[in-house]
$ cat model.cif   # mmCIF, C-alpha atoms
data_upload
loop_
_atom_site.label_atom_id
_atom_site.label_comp_id
_atom_site.auth_asym_id
_atom_site.auth_seq_id
_atom_site.Cartn_x
_atom_site.Cartn_y
_atom_site.Cartn_z
CA MET B 1 43.58 -13.50 24.54
CA LYS B 2 43.57 -9.91 23.29
CA GLU B 3 40.82 -7.43 23.92
CA PHE B 4 39.30 -5.29 21.19
CA ALA B 5 37.26 -2.18 21.99
CA ILE B 6 34.60 -1.54 19.35
CA ILE B 7 33.26 1.98 19.38
CA THR B 8 29.54 2.37 18.83
CA PHE B 9 28.31 5.76 17.61
CA PRO B 10 24.63 6.56 17.13
CA GLY B 11 24.13 5.25 13.60
CA SER B 12 26.92 2.65 13.65
CA ASN B 13 25.57 -0.48 12.01
CA CYS B 14 28.60 -2.74 11.56
CA ASP B 15 29.64 -2.78 15.21
CA TYR B 16 28.12 -6.19 15.79
CA ASP B 17 29.73 -7.59 12.62
CA CYS B 18 33.10 -6.45 13.98
CA TYR B 19 32.27 -7.94 17.36
CA ARG B 20 31.47 -11.27 15.75
CA ALA B 21 34.61 -11.22 13.56
CA VAL B 22 36.80 -10.50 16.58
CA ARG B 23 35.13 -12.81 19.07
CA ASP B 24 33.72 -15.72 17.11
CA VAL B 25 36.09 -15.87 14.16
CA ALA B 26 39.39 -14.51 15.46
CA GLY B 27 38.69 -15.96 18.92
CA GLN B 28 39.55 -12.82 20.89
CA GLU B 29 37.72 -10.73 23.47
CA ALA B 30 35.50 -7.97 22.11
CA ARG B 31 33.71 -5.24 23.98
CA PHE B 32 31.46 -2.40 22.82
CA VAL B 33 32.29 1.12 23.98
CA TRP B 34 29.46 3.64 23.67
CA HIS B 35 30.47 6.97 22.16
CA ARG B 36 29.40 8.87 25.31
CA GLU B 37 32.12 7.12 27.31
CA THR B 38 35.35 9.02 27.85
CA GLU B 39 37.61 6.06 28.57
CA LEU B 40 38.33 2.93 26.57
CA GLY B 41 39.21 0.76 29.56
CA ALA B 42 41.95 -1.82 29.23
CA CYS B 43 42.17 -2.92 25.60
CA ASP B 44 44.75 -3.98 23.03
CA ALA B 45 43.14 -2.65 19.86
CA VAL B 46 40.34 -0.30 18.87
CA VAL B 47 37.88 -0.71 16.00
CA LEU B 48 35.87 2.18 14.56
CA PRO B 49 33.10 0.33 12.73
CA GLY B 50 31.05 1.17 9.67
CA GLY B 51 27.66 2.79 9.63
CA PHE B 52 26.21 6.25 9.35
CA SER B 53 27.24 7.97 12.55
CA TYR B 54 25.05 11.01 13.22
CA GLY B 55 23.20 10.32 9.98
CA ASP B 56 26.26 11.43 7.97
CA TYR B 57 25.08 14.99 8.68
CA LEU B 58 27.43 17.74 7.51
CA ARG B 59 30.02 15.25 6.17
CA ALA B 60 30.42 11.56 6.90
CA GLY B 61 32.34 11.21 10.17
CA ALA B 62 32.52 14.97 10.82
CA ILE B 63 30.38 14.94 13.95
CA ALA B 64 31.45 11.53 15.29
CA ARG B 65 34.99 12.83 15.27
CA PHE B 66 34.03 15.09 18.20
CA SER B 67 32.26 12.38 20.23
CA PRO B 68 33.24 12.21 23.91
CA ILE B 69 35.12 8.92 23.36
CA MET B 70 37.31 10.30 20.56
CA PRO B 71 40.01 11.97 22.71
CA ALA B 72 40.64 8.56 24.30
CA VAL B 73 40.79 6.90 20.87
CA LEU B 74 43.20 9.53 19.56
CA GLU B 75 45.35 9.21 22.67
CA PHE B 76 45.38 5.43 22.26
CA ALA B 77 46.53 5.90 18.64
CA ARG B 78 49.16 8.48 19.63
CA ALA B 79 50.58 6.03 22.14
CA GLY B 80 50.99 3.46 19.34
CA GLY B 81 47.85 1.38 19.92
CA LEU B 82 46.40 -0.42 16.90
CA VAL B 83 43.32 1.31 15.49
CA LEU B 84 41.27 -0.08 12.62
CA GLY B 85 38.72 2.15 10.90
CA VAL B 86 36.30 0.48 8.52
CA CYS B 87 34.10 2.49 6.16
CA ASN B 88 32.54 5.14 8.41
CA GLY B 89 35.44 4.47 10.79
CA PHE B 90 37.84 5.42 7.98
CA GLN B 91 35.83 8.59 7.37
CA VAL B 92 36.05 9.44 11.08
CA LEU B 93 39.84 8.93 11.07
CA CYS B 94 40.21 11.25 8.07
CA GLU B 95 37.99 13.89 9.67
CA ALA B 96 40.12 13.61 12.82
CA HIS B 97 43.24 14.16 10.68
CA VAL B 98 44.74 10.89 11.91
CA LEU B 99 44.80 9.84 8.26
CA PRO B 100 45.23 12.31 5.39
CA GLY B 101 42.68 13.11 2.69
CA ALA B 102 38.91 12.82 2.71
CA LEU B 103 36.10 10.59 1.47
CA VAL B 104 33.59 12.33 -0.74
CA ARG B 105 30.51 11.24 -2.61
CA ASN B 106 30.91 8.31 -5.00
CA ARG B 107 31.22 9.45 -8.59
CA SER B 108 28.04 7.48 -9.33
CA LEU B 109 26.24 9.72 -6.78
CA LYS B 110 24.69 6.50 -5.49
CA PHE B 111 25.06 4.36 -2.44
CA GLN B 112 26.90 1.27 -3.63
CA GLY B 113 26.66 -2.12 -1.96
CA GLU B 114 28.64 -4.61 -3.99
CA SER B 115 31.61 -6.94 -4.15
CA VAL B 116 34.87 -5.34 -5.17
CA ARG B 117 38.28 -6.68 -6.01
CA LEU B 118 41.26 -5.39 -4.06
CA ARG B 119 44.99 -5.86 -4.22
CA VAL B 120 47.09 -6.03 -1.06
CA GLU B 121 49.89 -3.54 -1.64
CA ARG B 122 51.91 -4.25 1.49
CA THR B 123 52.15 -7.16 3.86
CA ASP B 124 54.73 -5.77 6.30
CA THR B 125 52.10 -4.07 8.44
CA ALA B 126 50.30 -4.96 11.65
CA PHE B 127 47.07 -5.25 9.63
CA THR B 128 48.17 -7.26 6.58
CA ASN B 129 50.97 -9.59 7.66
CA ALA B 130 48.79 -12.68 7.15
CA TYR B 131 48.17 -11.81 3.49
CA GLU B 132 50.50 -12.42 0.56
CA GLN B 133 52.07 -9.52 -1.27
CA GLY B 134 49.86 -8.61 -4.24
CA GLN B 135 47.13 -10.99 -3.10
CA LEU B 136 43.79 -10.30 -4.75
CA LEU B 137 40.81 -10.12 -2.43
CA GLU B 138 37.10 -9.99 -2.84
CA LEU B 139 35.47 -7.79 -0.21
CA GLU B 140 32.17 -5.98 0.14
CA ILE B 141 31.72 -2.24 -0.05
CA ALA B 142 28.63 -0.46 1.27
CA HIS B 143 28.98 3.30 1.06
CA GLY B 144 27.76 6.49 -0.56
CA GLN B 145 30.85 8.52 0.29
CA GLY B 146 33.85 6.32 -0.34
CA ASN B 147 35.56 8.32 -3.05
CA TYR B 148 39.03 8.95 -1.65
CA VAL B 149 40.52 12.36 -2.45
CA ALA B 150 43.64 14.21 -1.40
CA ASP B 151 45.84 16.78 -3.10
CA GLU B 152 48.56 15.57 -5.47
CA ASP B 153 51.37 16.19 -2.98
CA THR B 154 49.62 14.10 -0.34
CA LEU B 155 48.94 11.30 -2.83
CA ASP B 156 52.59 11.29 -3.93
CA GLN B 157 53.70 11.23 -0.33
CA LEU B 158 51.39 8.30 0.46
CA GLU B 159 52.82 6.40 -2.52
CA ASP B 160 56.44 7.28 -1.72
CA GLU B 161 56.05 6.18 1.87
CA GLY B 162 54.27 2.98 0.88
CA ARG B 163 51.16 3.90 2.82
CA VAL B 164 48.58 2.74 0.30
CA ILE B 165 47.70 -0.68 1.67
CA PHE B 166 44.69 -1.69 -0.42
CA ARG B 167 43.84 -0.67 -3.98
CA TYR B 168 40.74 -1.33 -6.08
CA VAL B 169 41.67 -3.45 -9.09
CA ASP B 170 39.96 -5.02 -12.09
CA ALA B 171 39.54 -8.72 -12.85
CA ALA B 172 43.13 -8.84 -14.08
CA GLY B 173 44.37 -7.38 -10.80
CA GLU B 174 45.26 -4.00 -12.28
CA PRO B 175 44.25 -0.65 -10.73
CA THR B 176 42.33 0.56 -13.79
CA ASP B 177 39.36 2.86 -14.00
CA ALA B 178 37.15 -0.16 -14.73
CA GLY B 179 38.23 -1.67 -11.42
CA ASN B 180 37.46 1.52 -9.50
CA PRO B 181 33.97 1.38 -7.97
CA ASN B 182 33.68 4.92 -6.62
CA GLY B 183 36.19 7.24 -8.29
CA SER B 184 38.86 7.09 -5.56
CA LEU B 185 42.05 8.80 -6.68
CA ARG B 186 44.74 6.31 -7.65
CA ASN B 187 42.21 3.55 -6.83
CA ILE B 188 42.96 3.93 -3.13
CA ALA B 189 40.79 1.72 -0.91
CA GLY B 190 42.85 1.76 2.31
CA ILE B 191 45.77 3.67 3.81
CA ILE B 192 47.90 3.55 6.92
CA ASN B 193 49.41 6.31 9.06
CA ARG B 194 53.15 6.95 8.98
CA GLU B 195 53.70 5.13 12.28
CA GLY B 196 51.89 2.06 10.93
CA ASN B 197 49.41 1.65 13.79
CA VAL B 198 46.27 3.18 12.28
CA LEU B 199 44.61 1.72 9.19
CA GLY B 200 41.51 2.98 7.43
CA LEU B 201 39.73 1.24 4.58
CA MET B 202 36.35 1.58 2.89
CA PRO B 203 35.63 -2.12 2.15
CA HIS B 204 34.31 -4.28 4.98
CA PRO B 205 36.70 -7.07 6.02
CA GLU B 206 34.39 -8.00 8.91
CA ARG B 207 31.65 -8.95 6.45
CA CYS B 208 33.94 -11.42 4.73
CA VAL B 209 35.18 -13.71 7.48
CA GLU B 210 33.06 -16.84 7.03
CA ALA B 211 32.39 -18.98 3.97
CA LEU B 212 28.69 -18.61 4.68
CA LEU B 213 29.04 -14.89 3.95
CA GLY B 214 30.48 -15.53 0.49
CA SER B 215 34.10 -14.64 1.14
CA THR B 216 36.69 -15.22 3.82
CA ASP B 217 39.14 -12.69 2.39
CA GLY B 218 38.65 -10.34 5.33
CA LYS B 219 39.71 -12.88 7.92
CA PRO B 220 43.49 -12.53 7.45
CA LEU B 221 43.17 -8.86 8.42
CA PHE B 222 41.91 -9.88 11.86
CA ASP B 223 44.47 -12.71 11.99
CA SER B 224 47.19 -10.15 11.18
CA LEU B 225 46.10 -7.96 14.09
CA VAL B 226 46.13 -10.90 16.48
CA ARG B 227 49.57 -12.00 15.23
CA SER B 228 51.03 -8.57 15.79
CA LEU B 229 49.36 -8.14 19.19
CA ASN B 230 50.88 -11.48 20.21
CA GLY B 231 54.30 -10.54 18.89
CA VAL B 232 54.18 -13.30 16.25
CA TRP B 233 54.66 -10.50 13.75
CA GLN B 234 56.82 -7.49 14.56
CA PRO B 235 57.46 -4.26 12.70
CA GLY B 236 60.47 -4.55 10.44
CA ALA B 237 60.07 -8.30 10.19
CA ALA B 238 60.22 -9.86 6.76
CA PRO B 239 56.81 -10.42 5.17
CA ALA B 240 55.32 -13.31 7.06
CA GLU B 241 54.45 -16.64 5.63
CA ARG B 242 50.79 -17.01 4.89
CA ALA B 243 48.94 -17.82 8.10
CA MET F 1 26.80 41.78 22.70
CA LYS F 2 24.98 42.03 19.42
CA ALA F 3 23.32 39.38 17.34
CA TYR F 4 24.63 38.73 13.84
CA ARG F 5 23.15 36.77 11.00
CA VAL F 6 25.99 34.77 9.56
CA GLU F 7 25.97 32.85 6.31
CA VAL F 8 28.65 30.30 5.64
CA ARG F 9 28.86 29.19 2.01
CA ILE F 10 30.76 25.98 1.53
CA SER F 11 31.71 24.79 -1.91
CA PRO F 12 33.80 21.95 -3.28
CA ARG F 13 37.38 23.08 -3.64
CA GLU F 14 38.34 24.34 -7.11
CA GLY F 15 39.98 21.65 -9.16
CA LEU F 16 38.35 18.88 -7.18
CA LEU F 17 35.87 16.71 -9.02
CA ASP F 18 32.32 17.59 -7.97
CA PRO F 19 30.19 14.64 -9.10
CA GLU F 20 26.99 16.25 -7.84
CA GLY F 21 27.69 19.45 -9.79
CA LYS F 22 28.47 17.41 -12.87
CA ALA F 23 25.20 15.49 -12.62
CA VAL F 24 23.20 18.72 -12.16
CA ALA F 25 25.00 20.29 -15.15
CA SER F 26 24.13 17.38 -17.38
CA ALA F 27 20.49 17.45 -16.19
CA LEU F 28 20.30 21.17 -17.01
CA ARG F 29 21.75 20.56 -20.46
CA SER F 30 19.27 17.80 -21.09
CA LEU F 31 16.58 20.42 -20.32
CA GLU F 32 18.18 22.46 -23.11
CA PHE F 33 19.88 25.02 -20.88
CA ASP F 34 22.81 24.85 -23.27
CA GLU F 35 24.27 28.04 -21.82
CA VAL F 36 25.36 26.18 -18.67
CA GLU F 37 29.13 25.91 -18.65
CA GLU F 38 29.75 24.60 -15.18
CA VAL F 39 27.85 23.74 -11.98
CA ARG F 40 29.28 23.39 -8.50
CA VAL F 41 27.00 22.23 -5.70
CA GLY F 42 27.82 23.37 -2.19
CA ARG F 43 26.11 23.96 1.12
CA LEU F 44 24.73 27.02 2.86
CA ILE F 45 24.73 27.23 6.66
CA ARG F 46 22.89 30.07 8.38
CA LEU F 47 23.83 30.92 11.94
CA ARG F 48 22.76 33.48 14.49
CA VAL F 49 25.78 34.45 16.54
CA LEU F 50 26.24 36.74 19.53
CA ALA F 51 29.44 38.79 19.45
CA ASP F 52 30.95 42.09 20.55
CA GLY F 53 31.26 43.33 16.99
CA PRO F 54 31.40 42.24 13.36
CA ASP F 55 35.08 41.30 13.55
CA ALA F 56 34.51 39.06 16.55
CA ALA F 57 31.48 37.48 14.85
CA ARG F 58 33.52 36.77 11.73
CA GLU F 59 36.39 35.40 13.77
CA SER F 60 34.15 33.00 15.63
CA ALA F 61 32.46 31.84 12.40
CA ASP F 62 35.89 31.30 10.87
CA ALA F 63 36.94 29.18 13.85
CA MET F 64 33.74 27.11 13.46
CA CYS F 65 34.54 26.54 9.79
CA ARG F 66 38.09 25.45 10.49
CA LYS F 67 37.06 23.13 13.28
CA LEU F 68 33.82 21.58 12.04
CA LEU F 69 31.75 23.21 9.32
CA ALA F 70 34.16 22.81 6.39
CA ASN F 71 36.77 20.23 5.51
CA PRO F 72 39.85 22.11 4.28
CA THR F 73 40.93 19.10 2.22
CA THR F 74 37.90 19.20 -0.01
CA GLU F 75 36.02 22.43 0.60
CA ASP F 76 36.39 26.20 0.41
CA TYR F 77 34.22 28.49 2.48
CA ASP F 78 33.22 32.07 2.53
CA ILE F 79 31.58 34.00 5.37
CA ARG F 80 29.03 36.80 5.07
CA LEU F 81 27.43 38.59 7.98
CA GLU F 82 25.09 41.36 8.93
CA GLU F 83 23.63 42.68 12.13
CA ALA F 84 20.45 40.84 13.04
#
$ encode --input "model.cif" --output "structure tokens"
Amino acid sequence: MKEFAIITFPGSNCDYDCYRAVRDVAGQEARFVWHRETELGACDAVVLPGGFSYGDYLRAGAIARFSPIMPAVLEFARAGGLVLGVCNGFQVLCEAHVLPGALVRNRSLKFQGESVRLRVERTDTAFTNAYEQGQLLELEIAHGQGNYVADEDTLDQLEDEGRVIFRYVDAAGEPTDAGNPNGSLRNIAGIINREGNVLGLMPHPERCVEALLGSTDGKPLFDSLVRSLNGVWQPGAAPAERA
Amino acid sequence: MKAYRVEVRISPREGLLDPEGKAVASALRSLEFDEVEEVRVGRLIRLRVLADGPDAARESADAMCRKLLANPTTEDYDIRLEEA
């Protein structure tokens, strides 16, 4: 069984959802790590959960990025450990410059809590190997600052290197403006680092892991992580068969 | 050491969409301020800083901006200071 460390910042509010997805749905060990800690302890993967760390003061994720636990998280990522950042966790990873770009206020200027449609752009990653290429997902968003921006060069680089992993799409599965809930450039909903071990996304896979919650489309993300931690999936392997 | 009043003005980077500025601009126009061409909404941070001189005060404020106060991907900043 693999052990997931879930970081809790003051203002995190999806930490328990992640805990439940990892422990009760994916059947792995999960453990909370308070942001004041300076060591992760033995673990196989790290989750930075959603929420409003430090009240989103200054910019979302800007203060959490300097929490005492963050050097250990960054070191874990540098050493190749798998790190998943969801929503506020994605914002923290951008603020920490582990992922490029930034998440600014939604173009609606409103907090948006709704179902969105996503397309899986790549399945040869540690986070998406249990999905099908181009699979359409229905996941929940819950954010006020989820509008992904980066300069044109960075966007082109992300595209060229195949680092856009999830994109907002319309009912037909196309990344149109109508399918874009928050104004994110190029409909980007989730990206990965160049090494392929750190993923950030705004939608909440952990809220969509049980039929009771309305969608199970987030479950394969956790399954993918478990498969890669167990060596069932390995980098460079052909896209896996659907789990 | 002297005390300096430092103002850091942070604004959305030129060329980047500023949805808040756009919303304020359209509200002003609906109030018939037709002369409004553009609005950008930023943030003002006032600090009191101890330093050996104005250059040192500016340097330390600049370091604070680079490290925490501004996000270079999305924001520009400008520092003004005077002796307190």
$ residues_near_point --input "model.cif" --point "(21.9, 36.4, 15.8)" --cutoff "7 Å" --atoms "only C-alpha atoms" --output "PyMOL selection string"
chain F and resi 3-5+47-50+84
$ write_last_selection --input "model.cif" --atoms "C-alpha atoms" --output "compact mmCIF listing (two decimals), keeping the file's coordinate frame"
# COMPACT_ATOMS: atom_id res chain seq x y z
CA ALA F 3 23.32 39.38 17.34
CA TYR F 4 24.63 38.73 13.84
CA ARG F 5 23.15 36.77 11.00
CA LEU F 47 23.83 30.92 11.94
CA ARG F 48 22.76 33.48 14.49
CA VAL F 49 25.78 34.45 16.54
CA LEU F 50 26.24 36.74 19.53
CA ALA F 84 20.45 40.84 13.04
$ interface_residues --input "model.cif" --of "chain B" --to "chain F" --cutoff "9 Å" --atoms "all atoms listed in the file" --output "ChimeraX atom specification"
/B:58-59,62-63,66,95,100-109,149-151
$ resolve_selection --input "model.cif" --expression "the PyMOL selection byres ((chain B and resi 166-178) around 6)" --output "PyMOL selection string"
chain B and resi 117-121+164-165+179-180+187-190
$ write_last_selection --input "model.cif" --atoms "C-alpha atoms" --output "PDB file, in the coordinates of the input"
ATOM      1  CA  ARG B 117      38.280  -6.680  -6.010  1.00  0.00           C
ATOM      2  CA  LEU B 118      41.260  -5.390  -4.060  1.00  0.00           C
ATOM      3  CA  ARG B 119      44.990  -5.860  -4.220  1.00  0.00           C
ATOM      4  CA  VAL B 120      47.090  -6.030  -1.060  1.00  0.00           C
ATOM      5  CA  GLU B 121      49.890  -3.540  -1.640  1.00  0.00           C
ATOM      6  CA  VAL B 164      48.580   2.740   0.300  1.00  0.00           C
ATOM      7  CA  ILE B 165      47.700  -0.680   1.670  1.00  0.00           C
ATOM      8  CA  GLY B 179      38.230  -1.670 -11.420  1.00  0.00           C
ATOM      9  CA  ASN B 180      37.460   1.520  -9.500  1.00  0.00           C
ATOM     10  CA  ASN B 187      42.210   3.550  -6.830  1.00  0.00           C
ATOM     11  CA  ILE B 188      42.960   3.930  -3.130  1.00  0.00           C
ATOM     12  CA  ALA B 189      40.790   1.720  -0.910  1.00  0.00           C
ATOM     13  CA  GLY B 190      42.850   1.760   2.310  1.00  0.00           C
TER      14      GLY B 190
END
$ atom_distance --input "model.cif" --atom1 "CA of Asn129 (chain B)" --atom2 "CA of Asp153 (chain B)"
27.9 Å
$ atom_distance --input "model.cif" --atom1 "CA of Arg207 (chain B)" --atom2 "CA of Gly50 (chain B)"
10.6 Å
$ residues_around --input "model.cif" --residues "Glu35 (chain F)" --least-positions-apart "5" --cutoff "12 Å" --atoms "all atoms listed in the file" --output "short mmCIF file (atom, residue, chain, number, x, y, z; two decimals) with C-alpha atoms, in the frame of the given file"
data_model
loop_
_atom_site.label_atom_id
_atom_site.label_comp_id
_atom_site.auth_asym_id
_atom_site.auth_seq_id
_atom_site.Cartn_x
_atom_site.Cartn_y
_atom_site.Cartn_z
CA ALA F 25 25.00 20.29 -15.15
CA SER F 26 24.13 17.38 -17.38
CA LEU F 28 20.30 21.17 -17.01
CA ARG F 29 21.75 20.56 -20.46
CA SER F 30 19.27 17.80 -21.09
#
$ atom_distance --input "model.cif" --atom1 "CA of Asp156 (chain B)" --atom2 "CA of Val98 (chain B)"
17.7 Å
$ resolve_selection --input "model.cif" --expression "the PyMOL selection byres ((chain B and resi 16) around 12)" --output "PyMOL selection string"
chain B and resi 5-8+12-15+17-24+30-33+47-51+206-207
$ resolve_selection --input "model.cif" --expression "the PyMOL selection byres ((chain F and resi 41) around 6)" --output "list in words"
Gly21, Arg40 and Gly42 of chain F
$ closest_residue --input "model.cif" --among "B:Leu213, B:Val226, B:Ala77, B:Val232" --to "Met1 (chain B)" --atoms "only C-alpha atoms"
B:Val226
